[in-house]
$ cat upload31.txt   # compact mmCIF, C-alpha atoms
# COMPACT_ATOMS: atom_id res chain seq x y z
CA MET A 1 -113.45 -24.07 165.08
CA LYS A 2 -110.44 -25.36 167.04
CA THR A 3 -109.24 -28.74 165.76
CA ALA A 4 -106.80 -31.20 167.31
CA ALA A 5 -105.12 -34.10 165.53
CA VAL A 6 -103.52 -37.38 166.52
CA ILE A 7 -101.23 -39.65 164.51
CA CYS A 8 -102.20 -43.19 165.35
CA GLU A 9 -102.50 -46.86 164.45
CA TYR A 10 -105.24 -48.01 166.84
CA ASN A 11 -104.04 -51.58 166.48
CA PRO A 12 -106.51 -52.02 168.12
CA PHE A 13 -108.24 -49.02 169.70
CA HIS A 14 -108.22 -49.47 173.49
CA ASN A 15 -108.83 -47.68 176.80
CA GLY A 16 -105.48 -45.89 176.67
CA HIS A 17 -106.40 -44.39 173.31
CA LYS A 18 -109.78 -43.24 174.62
CA TYR A 19 -108.02 -41.62 177.58
CA GLN A 20 -105.74 -39.73 175.18
CA LEU A 21 -108.69 -38.45 173.12
CA ASP A 22 -110.58 -37.41 176.25
CA MET A 23 -107.51 -35.58 177.54
CA ALA A 24 -106.97 -33.94 174.16
CA ARG A 25 -110.42 -32.37 174.35
CA SER A 26 -109.94 -31.36 177.98
CA ILE A 27 -106.51 -29.76 177.52
CA THR A 28 -107.06 -28.00 174.20
CA GLY A 29 -110.76 -27.21 174.42
CA CYS A 30 -110.97 -28.25 170.77
CA ASN A 31 -114.25 -28.66 168.88
CA GLY A 32 -113.13 -31.74 166.97
CA ILE A 33 -110.41 -34.37 166.65
CA VAL A 34 -108.85 -35.65 163.42
CA ALA A 35 -107.10 -39.03 163.56
CA LEU A 36 -104.53 -39.83 160.87
CA MET A 37 -104.53 -43.62 161.16
CA SER A 38 -102.39 -46.31 159.55
CA GLY A 39 -104.35 -48.50 157.15
CA ASN A 40 -104.03 -52.27 156.93
CA TYR A 41 -100.26 -52.20 157.62
CA VAL A 42 -98.57 -50.75 160.69
CA GLN A 43 -95.22 -49.08 161.24
CA ARG A 44 -93.52 -51.97 163.06
CA GLY A 45 -93.81 -54.08 159.90
CA ASP A 46 -97.00 -56.03 160.57
CA PHE A 47 -100.44 -56.48 159.14
CA SER A 48 -103.01 -54.69 161.31
CA VAL A 49 -104.87 -56.91 163.75
CA TYR A 50 -108.26 -55.83 162.34
CA PRO A 51 -109.16 -54.30 158.95
CA LYS A 52 -108.80 -50.53 158.79
CA LEU A 53 -112.49 -49.70 158.36
CA PHE A 54 -113.41 -51.48 161.58
CA ARG A 55 -110.54 -49.84 163.45
CA ALA A 56 -111.73 -46.47 162.14
CA ARG A 57 -115.26 -47.23 163.34
CA ALA A 58 -113.94 -48.14 166.79
CA ALA A 59 -111.99 -44.85 166.92
CA LEU A 60 -115.11 -42.84 166.06
CA SER A 61 -117.02 -44.63 168.80
CA GLY A 62 -114.21 -43.73 171.23
CA GLY A 63 -114.01 -39.98 170.65
CA ALA A 64 -112.45 -39.19 167.26
CA ASP A 65 -114.50 -37.25 164.70
CA LEU A 66 -112.70 -37.69 161.39
CA ILE A 67 -110.49 -40.63 160.42
CA LEU A 68 -107.97 -40.15 157.62
CA GLU A 69 -105.76 -42.91 156.27
CA ASN A 70 -101.97 -42.91 156.42
CA PRO A 71 -101.04 -45.05 153.36
CA ALA A 72 -98.70 -48.04 153.66
CA VAL A 73 -96.00 -46.33 151.59
CA PHE A 74 -95.70 -43.73 154.36
CA THR A 75 -96.53 -45.95 157.33
CA LEU A 76 -93.81 -48.53 156.59
CA ARG A 77 -90.94 -46.15 157.24
CA SER A 78 -88.51 -45.51 160.06
CA ALA A 79 -89.82 -43.42 162.95
CA GLU A 80 -88.41 -40.30 161.29
CA GLY A 81 -89.98 -40.97 157.89
CA TYR A 82 -93.26 -42.09 159.42
CA ALA A 83 -93.53 -38.97 161.58
CA TYR A 84 -92.50 -36.51 158.88
CA SER A 85 -94.96 -37.73 156.23
CA ALA A 86 -97.77 -37.83 158.81
CA VAL A 87 -97.10 -34.30 160.10
CA TYR A 88 -96.74 -33.15 156.48
CA THR A 89 -100.25 -34.48 155.81
CA LEU A 90 -101.78 -32.82 158.87
CA ASN A 91 -100.00 -29.54 158.13
CA ALA A 92 -101.32 -29.64 154.56
CA LEU A 93 -104.90 -29.78 155.87
CA GLY A 94 -104.46 -26.13 156.84
CA CYS A 95 -106.90 -26.22 159.75
CA ILE A 96 -105.16 -28.22 162.49
CA ASP A 97 -104.45 -26.17 165.61
CA TYR A 98 -102.95 -28.86 167.87
CA LEU A 99 -100.98 -32.06 167.39
CA VAL A 100 -101.60 -34.28 170.41
CA PHE A 101 -99.27 -37.18 171.15
CA GLY A 102 -98.32 -39.40 174.05
CA ALA A 103 -94.90 -40.00 175.58
CA GLU A 104 -93.38 -41.72 178.56
CA SER A 105 -91.88 -38.38 179.67
CA ASP A 106 -93.65 -35.07 180.21
CA ASP A 107 -90.36 -33.15 180.02
CA ILE A 108 -91.38 -31.16 176.95
CA PRO A 109 -88.43 -28.69 177.14
CA THR A 110 -85.91 -31.56 176.91
CA LEU A 111 -87.88 -33.23 174.11
CA LYS A 112 -87.86 -29.94 172.19
CA ASN A 113 -84.11 -29.51 172.82
CA ILE A 114 -83.47 -33.00 171.44
CA ALA A 115 -85.60 -32.25 168.39
CA ALA A 116 -83.80 -28.96 167.74
CA LEU A 117 -80.40 -30.65 168.09
CA LEU A 118 -81.32 -33.36 165.58
CA VAL A 119 -82.63 -30.79 163.10
CA GLU A 120 -79.62 -28.49 163.44
CA GLU A 121 -77.06 -31.35 163.60
CA THR A 122 -74.40 -29.23 165.28
CA HIS A 123 -70.71 -30.04 164.83
CA SER A 124 -70.47 -31.49 168.35
CA TYR A 125 -73.43 -33.79 167.66
CA ARG A 126 -72.12 -34.97 164.28
CA SER A 127 -68.73 -35.68 165.79
CA ALA A 128 -70.22 -37.66 168.69
CA LEU A 129 -72.45 -39.62 166.31
CA LYS A 130 -69.49 -40.49 164.07
CA ASP A 131 -67.52 -41.77 167.08
CA GLU A 132 -70.40 -43.98 168.21
CA LEU A 133 -71.07 -45.40 164.74
CA SER A 134 -67.40 -46.32 164.39
CA GLN A 135 -67.92 -48.81 167.22
CA GLY A 136 -70.30 -50.86 165.06
CA VAL A 137 -73.53 -50.20 166.94
CA SER A 138 -76.89 -49.50 165.27
CA TYR A 139 -77.69 -45.99 164.13
CA ALA A 140 -80.43 -45.72 166.76
CA ALA A 141 -78.06 -46.68 169.58
CA ALA A 142 -75.34 -44.37 168.29
CA ARG A 143 -77.77 -41.47 168.09
CA CYS A 144 -78.88 -42.00 171.71
CA LYS A 145 -75.27 -41.93 172.91
CA ALA A 146 -74.46 -38.87 170.82
CA ILE A 147 -77.48 -37.00 172.22
CA GLY A 148 -76.34 -37.89 175.72
CA LYS A 149 -72.87 -36.51 175.08
CA VAL A 150 -74.26 -33.17 173.91
CA LEU A 151 -77.37 -32.70 176.07
CA GLY A 152 -76.65 -34.90 179.08
CA THR A 153 -77.69 -38.29 180.43
CA ASN A 154 -81.30 -37.22 181.06
CA ALA A 155 -81.79 -36.58 177.35
CA GLU A 156 -80.16 -39.90 176.49
CA THR A 157 -82.48 -41.75 178.88
CA ILE A 158 -85.56 -39.99 177.51
CA ILE A 159 -84.83 -40.70 173.84
CA LYS A 160 -84.52 -44.46 174.49
CA GLN A 161 -88.25 -44.80 175.20
CA PRO A 162 -90.35 -45.60 172.07
CA ASN A 163 -93.07 -42.99 172.56
CA ASN A 164 -90.51 -40.35 173.51
CA LEU A 165 -88.68 -41.17 170.30
CA LEU A 166 -91.82 -40.64 168.24
CA ALA A 167 -92.57 -37.44 170.15
CA VAL A 168 -89.15 -36.08 169.17
CA GLU A 169 -89.75 -37.05 165.54
CA TYR A 170 -93.09 -35.20 165.54
CA LEU A 171 -91.39 -32.13 167.01
CA LYS A 172 -88.63 -32.35 164.39
CA ALA A 173 -91.20 -32.49 161.61
CA LEU A 174 -93.02 -29.44 162.97
CA ILE A 175 -89.73 -27.54 163.02
CA ARG A 176 -88.74 -28.58 159.50
CA LEU A 177 -92.14 -27.65 158.10
CA SER A 178 -92.17 -24.33 159.99
CA SER A 179 -95.63 -25.42 161.04
CA GLY A 180 -97.93 -23.32 163.18
CA ILE A 181 -99.48 -26.43 164.72
CA GLU A 182 -99.00 -26.44 168.50
CA PRO A 183 -97.64 -29.69 169.99
CA ILE A 184 -99.53 -31.01 173.02
CA LEU A 185 -97.93 -33.79 175.04
CA ILE A 186 -99.98 -36.19 177.15
CA ARG A 187 -97.93 -38.39 179.44
CA ARG A 188 -98.59 -42.07 178.93
CA ARG A 189 -100.21 -43.78 181.90
CA GLY A 190 -100.63 -47.43 182.94
CA ALA A 191 -98.99 -50.25 180.97
CA GLY A 192 -95.81 -49.55 179.02
CA HIS A 193 -95.60 -49.47 175.22
CA HIS A 194 -94.60 -53.14 174.88
CA SER A 195 -95.66 -54.28 178.35
CA GLU A 196 -96.63 -57.94 178.57
CA GLU A 197 -98.85 -57.29 181.56
CA ALA A 198 -102.01 -55.23 182.01
CA ASN A 199 -102.34 -52.44 184.55
CA GLY A 200 -105.95 -52.53 185.71
CA GLU A 201 -108.14 -51.68 182.73
CA THR A 202 -105.16 -50.36 180.77
CA ALA A 203 -102.98 -52.60 178.61
CA SER A 204 -100.57 -52.03 175.74
CA ALA A 205 -101.73 -52.74 172.21
CA SER A 206 -99.10 -55.49 171.93
CA PHE A 207 -100.47 -57.18 175.07
CA ILE A 208 -104.02 -56.96 173.70
CA ARG A 209 -102.91 -58.44 170.37
CA SER A 210 -101.27 -61.34 172.15
CA GLN A 211 -104.51 -61.92 174.05
CA LEU A 212 -106.44 -61.97 170.79
CA VAL A 213 -104.08 -64.49 169.19
CA SER A 214 -104.37 -66.79 172.22
CA GLY A 215 -108.15 -66.51 172.18
CA THR A 216 -108.31 -64.67 175.51
CA GLY A 217 -110.92 -61.97 176.06
CA ILE A 218 -109.97 -58.29 175.84
CA SER A 219 -113.24 -56.60 176.81
CA GLU A 220 -111.84 -55.11 180.03
CA TYR A 221 -109.07 -53.32 178.13
CA VAL A 222 -111.18 -51.67 175.41
CA PRO A 223 -114.21 -49.35 175.50
CA ASN A 224 -117.58 -51.13 175.33
CA SER A 225 -118.38 -49.50 171.99
CA ALA A 226 -115.12 -50.82 170.47
CA SER A 227 -115.63 -54.25 172.03
CA ASP A 228 -119.00 -54.51 170.29
CA ILE A 229 -117.30 -53.82 166.95
CA TYR A 230 -114.48 -56.29 167.53
CA SER A 231 -116.84 -59.06 168.67
CA SER A 232 -117.92 -59.78 165.10
CA LEU A 233 -114.32 -60.07 163.83
CA HIS A 234 -111.46 -62.50 164.01
CA PRO A 235 -107.94 -61.08 164.45
CA PHE A 236 -105.38 -61.26 161.67
CA ASN A 237 -103.04 -64.16 162.34
CA GLN A 238 -99.54 -62.95 161.43
CA LYS A 239 -98.41 -66.54 160.88
CA ASN A 240 -100.87 -66.80 158.00
CA ALA A 241 -98.71 -64.32 156.11
CA ASP A 242 -95.40 -66.11 156.73
CA SER A 243 -95.68 -68.51 153.79
CA ALA A 244 -96.68 -65.76 151.38
CA ILE A 245 -93.84 -63.47 152.45
CA LEU A 246 -91.16 -66.18 152.50
CA SER A 247 -92.26 -67.47 149.08
CA SER A 248 -92.14 -63.97 147.66
CA LEU A 249 -88.69 -63.33 149.11
CA CYS A 250 -87.40 -66.55 147.52
CA LEU A 251 -88.32 -65.13 144.13
CA CYS A 252 -86.51 -61.84 144.83
CA SER A 253 -82.91 -61.51 143.72
CA ALA A 254 -80.29 -59.97 145.99
CA LYS A 255 -80.40 -56.95 143.67
CA ASP A 256 -84.16 -56.67 144.18
CA LEU A 257 -83.68 -56.70 147.95
CA SER A 258 -80.94 -54.08 147.80
CA ASP A 259 -83.53 -51.66 146.41
CA VAL A 260 -85.74 -52.01 149.51
CA PRO A 261 -85.71 -49.33 152.25
CA ASP A 262 -83.12 -49.91 154.99
CA ILE A 263 -81.47 -52.89 153.27
CA SER A 264 -77.82 -52.14 152.53
CA GLU A 265 -74.21 -53.13 153.26
CA GLY A 266 -74.71 -56.67 151.99
CA LEU A 267 -77.74 -57.41 154.17
CA GLU A 268 -79.55 -58.54 151.02
CA ASN A 269 -77.03 -61.38 150.59
CA LYS A 270 -77.45 -62.43 154.22
CA ILE A 271 -81.23 -62.56 153.75
CA LYS A 272 -80.95 -64.69 150.60
CA SER A 273 -78.55 -67.06 152.35
CA GLU A 274 -80.66 -67.51 155.48
CA LEU A 275 -83.85 -67.96 153.45
CA LEU A 276 -82.60 -71.43 152.49
CA ASN A 277 -82.88 -72.65 156.08
CA CYS A 278 -85.73 -70.68 157.67
CA THR A 279 -89.30 -71.95 157.97
CA SER A 280 -90.89 -68.82 159.46
CA LEU A 281 -90.55 -65.08 159.07
CA ASP A 282 -89.58 -64.66 162.71
CA GLU A 283 -86.83 -67.26 162.31
CA LEU A 284 -85.47 -65.38 159.29
CA ILE A 285 -85.47 -62.03 161.10
CA LEU A 286 -83.68 -63.48 164.12
CA ALA A 287 -81.08 -65.08 161.84
CA VAL A 288 -80.40 -61.78 160.08
CA LYS A 289 -80.61 -59.23 162.91
CA SER A 290 -77.46 -57.75 164.40
CA LYS A 291 -76.28 -54.79 166.45
CA ARG A 292 -76.57 -52.65 163.33
CA TYR A 293 -79.89 -54.02 162.11
CA ALA A 294 -82.60 -54.21 164.76
CA TYR A 295 -85.49 -56.68 164.65
CA SER A 296 -88.16 -54.08 163.88
CA ARG A 297 -86.11 -52.51 161.09
CA ILE A 298 -85.62 -55.87 159.35
CA ARG A 299 -89.27 -56.85 159.79
CA ARG A 300 -90.40 -53.59 158.21
CA SER A 301 -87.94 -53.99 155.33
CA LEU A 302 -89.08 -57.53 154.58
CA LEU A 303 -92.71 -56.43 154.46
CA CYS A 304 -91.66 -53.62 152.10
CA ALA A 305 -89.93 -56.21 149.90
CA PHE A 306 -93.10 -58.31 149.89
CA LEU A 307 -95.23 -55.30 148.88
CA ARG A 308 -92.64 -54.08 146.34
CA ILE A 309 -92.05 -50.80 148.19
CA SER A 310 -88.69 -49.46 147.02
CA SER A 311 -86.08 -47.10 148.43
CA ALA A 312 -87.31 -44.48 145.98
CA ASP A 313 -90.78 -44.75 147.53
CA SER A 314 -89.33 -43.90 150.93
CA THR A 315 -88.51 -40.36 149.81
CA THR A 316 -91.93 -39.48 148.38
CA LEU A 317 -94.52 -37.24 150.04
CA PRO A 318 -98.33 -37.59 150.18
CA THR A 319 -100.19 -36.44 147.07
CA TYR A 320 -103.74 -36.86 148.41
CA ILE A 321 -105.51 -37.39 151.72
CA LYS A 322 -107.86 -40.36 151.96
CA ILE A 323 -111.02 -40.11 154.05
CA LEU A 324 -111.86 -43.33 155.88
CA ASP A 325 -114.83 -42.37 158.07
CA PHE A 326 -116.39 -39.50 160.02
CA ASN A 327 -119.31 -38.53 162.23
CA ASN A 328 -121.47 -35.39 162.09
CA ASN A 329 -118.78 -33.33 163.78
CA GLY A 330 -116.24 -34.76 161.36
CA ARG A 331 -118.41 -33.65 158.47
CA GLN A 332 -118.11 -30.07 159.71
CA ILE A 333 -114.32 -30.45 159.91
CA LEU A 334 -114.33 -31.72 156.32
CA ASN A 335 -116.32 -28.69 155.20
CA ASN A 336 -113.59 -26.48 156.68
CA VAL A 337 -110.76 -28.61 155.28
CA LYS A 338 -112.12 -28.33 151.74
CA LYS A 339 -111.41 -24.59 151.95
CA THR A 340 -107.91 -24.86 153.39
CA SER A 341 -106.26 -28.15 152.30
CA LEU A 342 -103.23 -28.02 150.03
CA LEU A 343 -103.83 -31.66 149.03
CA PRO A 344 -106.96 -33.15 147.45
CA LEU A 345 -109.34 -34.96 149.81
CA ALA A 346 -110.50 -38.29 148.45
CA LYS A 347 -113.19 -40.68 149.64
CA ASN A 348 -112.89 -42.45 146.27
CA ALA A 349 -110.70 -42.20 143.18
CA SER A 350 -112.95 -39.72 141.37
CA ALA A 351 -111.42 -36.89 143.42
CA ILE A 352 -107.93 -37.47 142.00
CA LEU A 353 -108.56 -38.81 138.48
CA ARG A 354 -106.60 -35.98 136.85
CA ASN A 355 -103.62 -36.33 139.18
CA ASN A 356 -101.46 -39.08 137.68
CA THR A 357 -99.05 -39.29 140.63
CA ALA A 358 -101.88 -39.53 143.13
CA MET A 359 -103.71 -42.13 141.03
CA GLU A 360 -100.61 -44.31 140.82
CA LEU A 361 -100.32 -44.35 144.62
CA TRP A 362 -104.08 -44.89 145.00
CA LYS A 363 -103.95 -47.98 142.75
CA ARG A 364 -100.95 -49.39 144.64
CA GLU A 365 -102.75 -48.93 147.94
CA LEU A 366 -105.77 -50.76 146.53
CA ALA A 367 -103.44 -53.65 145.62
CA PHE A 368 -101.93 -53.62 149.14
CA ASP A 369 -105.44 -53.75 150.60
CA ARG A 370 -106.35 -56.69 148.37
CA VAL A 371 -103.28 -58.58 149.58
CA TYR A 372 -104.38 -57.92 153.15
CA GLU A 373 -107.91 -59.13 152.41
CA ILE A 374 -106.67 -62.35 150.80
CA LEU A 375 -104.40 -63.18 153.74
CA TYR A 376 -106.97 -62.07 156.33
$ encode --input "upload31.txt" --output "C-alpha cells"
Amino acid sequence: MKTAAVICEYNPFHNGHKYQLDMARSITGCNGIVALMSGNYVQRGDFSVYPKLFRARAALSGGADLILENPAVFTLRSAEGYAYSAVYTLNALGCIDYLVFGAESDDIPTLKNIAALLVEETHSYRSALKDELSQGVSYAAARCKAIGKVLGTNAETIIKQPNNLLAVEYLKALIRLSSGIEPILIRRRGAGHHSEEANGETASASFIRSQLVSGTGISEYVPNSASDIYSSLHPFNQKNADSAILSSLCLCSAKDLSDVPDISEGLENKIKSELLNCTSLDELILAVKSKRYAYSRIRRSLLCAFLRISSADSTTLPTYIKILDFNNNGRQILNNVKKTSLLPLAKNASAILRNNTAMELWKRELAFDRVYEILY
C-alpha cells in the first residue's frame, strides 16, 4: 500500500487544499493520504479559526484518509522546528512513501541545494551569515542574503517566499533524519500565501479567515462538503483572546518571559515595559517588533508565554502520535502503521498510560485544548 503524507493546518480547509490532495493522488498513485494537522493552535501564533475536530472532518471530506494531530508544543515553533518535528513524526510512522508539499517555486533542484547548504553549513555560508547578522538584520533576512551569496540570486529570491521556506525546511528534515520518504513538490496555484484578494474560486487561508471575521460568505472558496461542516460553526475571534493573553503576560516576570522560545537579548524587558501602555495584543506586538524580531516571531512567542511553553519544550521530540479522525481507507492505513510505527498511536490516553513523558505532554495538550474551548 503506497501512502502519501501532508503536513498541514487547514485553517480552514479550502479549494487549494483539495487541489493539493487531488494532485497528490494523481502524481504519486498512492492508495491513501495521511494528514499531520495542527490542533487548536497554528504555527503563526494564533488560535485556529475552527476547532480541530471540525477541521479534521472537513479534511476527510476533501480527500484525506487519516488525520493525525501535531501538538501545540511542536506547532508553535519556528519554521525549522515546526518542520523537523512534523517530519520526525511522519518518518516514525514507518509506512510513509511520499511527503507532498506546496511551494511557490517548482525548482526542486535549487530547493534541494538550499536545503543541503543549510544542513552542511559550509565555511563560506557561515562567513556570509556572520557578515549579514553583524548589520543588525533579523536572522531570517541574514540567512536569505547569505544563501544568495553562496548559491546566487535565484536561490535568494526563492527562499524569501513562505511556502518555499517551508519546503526547504521539510527537505532539511528529510536529510537530517536520513529518511527514505520521497519529497513531492506541487507548485502553488491561484492566490498567494497571504494574498488579500481571491483568484476565482481559490483564495488564501488568511483571506478566507478575514472574510469569516467580517461575516462575509466563503462558500465559493471551499469545497461544498467543507462548507456544510463550517455552516454550523462560528469562527474563533482572535480579539476574544487578547484580554486573556495580556492579563497573563502582566503576571509574568521578565525572568519568566526570558524562558520562552525566541525571547532573548532583553526583549523580555521591552515586552514588560510596553505592556503598561498597550490595550491589544496587536498593539503590543507592533510596539515590540524590530528588524531583528519579526511580527510573526513575537506573536508566536507571546502565545507560548501564555500557554507556559518554555525554551526547554522547544527542543523536545514527539513521544506519541495522536489520532484525530479517519475514514475506512484511513483505518487500513492505521492497521499498517500499528506494525511499523516507532511511536505509540493514541486515540485516547489509555494507549500511553505507562509512558510518563508521553502522558505529561498529553495532559498539557488537554489543558491547551480547554483554554481554547473557554475562549472559543
$ residues_around --input "upload31.txt" --residues "Tyr170 (chain A)" --least-positions-apart "4" --cutoff "12 Å" --atoms "all atoms listed in the file" --output "VMD selection string"
chain A and resid 6 to 7 79 to 88 90 to 91 98 to 103 111 to 112 114 to 116 118 to 119 163 to 166 174 to 177 179 181 to 185
$ closest_residue --input "upload31.txt" --among "A:Ser26, A:Thr315, A:Asn113, A:Ser231" --to "Phe74 (chain A)" --atoms "all atoms listed in the file"
A:Thr315
$ atom_distance --input "upload31.txt" --atom1 "CA of Ser247 (chain A)" --atom2 "CA of Ala305 (chain A)"
11.5 Å
$ closest_residue --input "upload31.txt" --among "A:Ala287, A:Cys30, A:Pro235, A:Tyr230" --to "Ser214 (chain A)" --atoms "all atoms listed in the file"
A:Pro235
$ atom_distance --input "upload31.txt" --atom1 "CA of Asn240 (chain A)" --atom2 "CA of Asp46 (chain A)"
11.7 Å
$ closest_residue --input "upload31.txt" --among "A:Ser232, A:Ser264, A:Ser206, A:Ser178" --to "Ile298 (chain A)" --atoms "all atoms listed in the file"
A:Ser264
$ residues_around --input "upload31.txt" --residues "Asn329 (chain A)" --least-positions-apart "4" --cutoff "8 Å" --atoms "only C-alpha atoms" --output "list in words"
Gly32, Asp65, Leu66 and Ile333 of chain A
$ atom_distance --input "upload31.txt" --atom1 "CA of Tyr50 (chain A)" --atom2 "CA of Ala205 (chain A)"
12.2 Å
$ residues_near_point --input "upload31.txt" --point "(-110.9, -34.1, 148.0)" --cutoff "12 Å" --atoms "all atoms listed in the file" --output "list in words"
Leu68, Leu93, Thr319, Tyr320, Ile321, Lys322, Ile323, Leu334, Asn335, Asn336, Val337, Lys338, Lys339, Thr340, Ser341, Leu342, Leu343, Pro344, Leu345, Ala346, Lys347, Asn348, Ala349, Ser350, Ala351, Ile352, Leu353, Asn355 and Ala358 of chain A
$ residues_around --input "upload31.txt" --residues "Pro223 (chain A)" --least-positions-apart "3" --cutoff "10 Å" --atoms "only C-alpha atoms" --output "PyMOL selection string"
chain A and resi 13-18+58-59+61-62+201+218-220+226-228
$ closest_residue --input "upload31.txt" --among "A:Glu265, A:Asp313, A:Glu132, A:Asp22" --to "Pro71 (chain A)" --atoms "all atoms listed in the file"
A:Asp313
$ residues_near_point --input "upload31.txt" --point "(-79.8, -42.2, 172.2)" --cutoff "9 Å" --atoms "all atoms listed in the file" --output "number ranges by chain"
A: 140-148, 155-160
$ residues_around --input "upload31.txt" --residues "Leu302 (chain A)" --least-positions-apart "2" --cutoff "10 Å" --atoms "all atoms listed in the file" --output "MDAnalysis selection string"
chainID A and resid 45 245:246 248:249 257 260:263 271 281 284:285 296:300 304:309
$ closest_residue --input "upload31.txt" --among "A:Ile27, A:Ala56, A:Ala128, A:Ile229" --to "Gly39 (chain A)" --atoms "all atoms listed in the file"
A:Ala56
$ axis_aligned_box --input "upload31.txt" --around "region 242-257 of chain A" --padding-each-side "4 Å" --output "JSON"
{"center_x": -88.5, "center_y": -62.6, "center_z": 150.2, "size_x": 24.4, "size_y": 19.8, "size_z": 21.1}
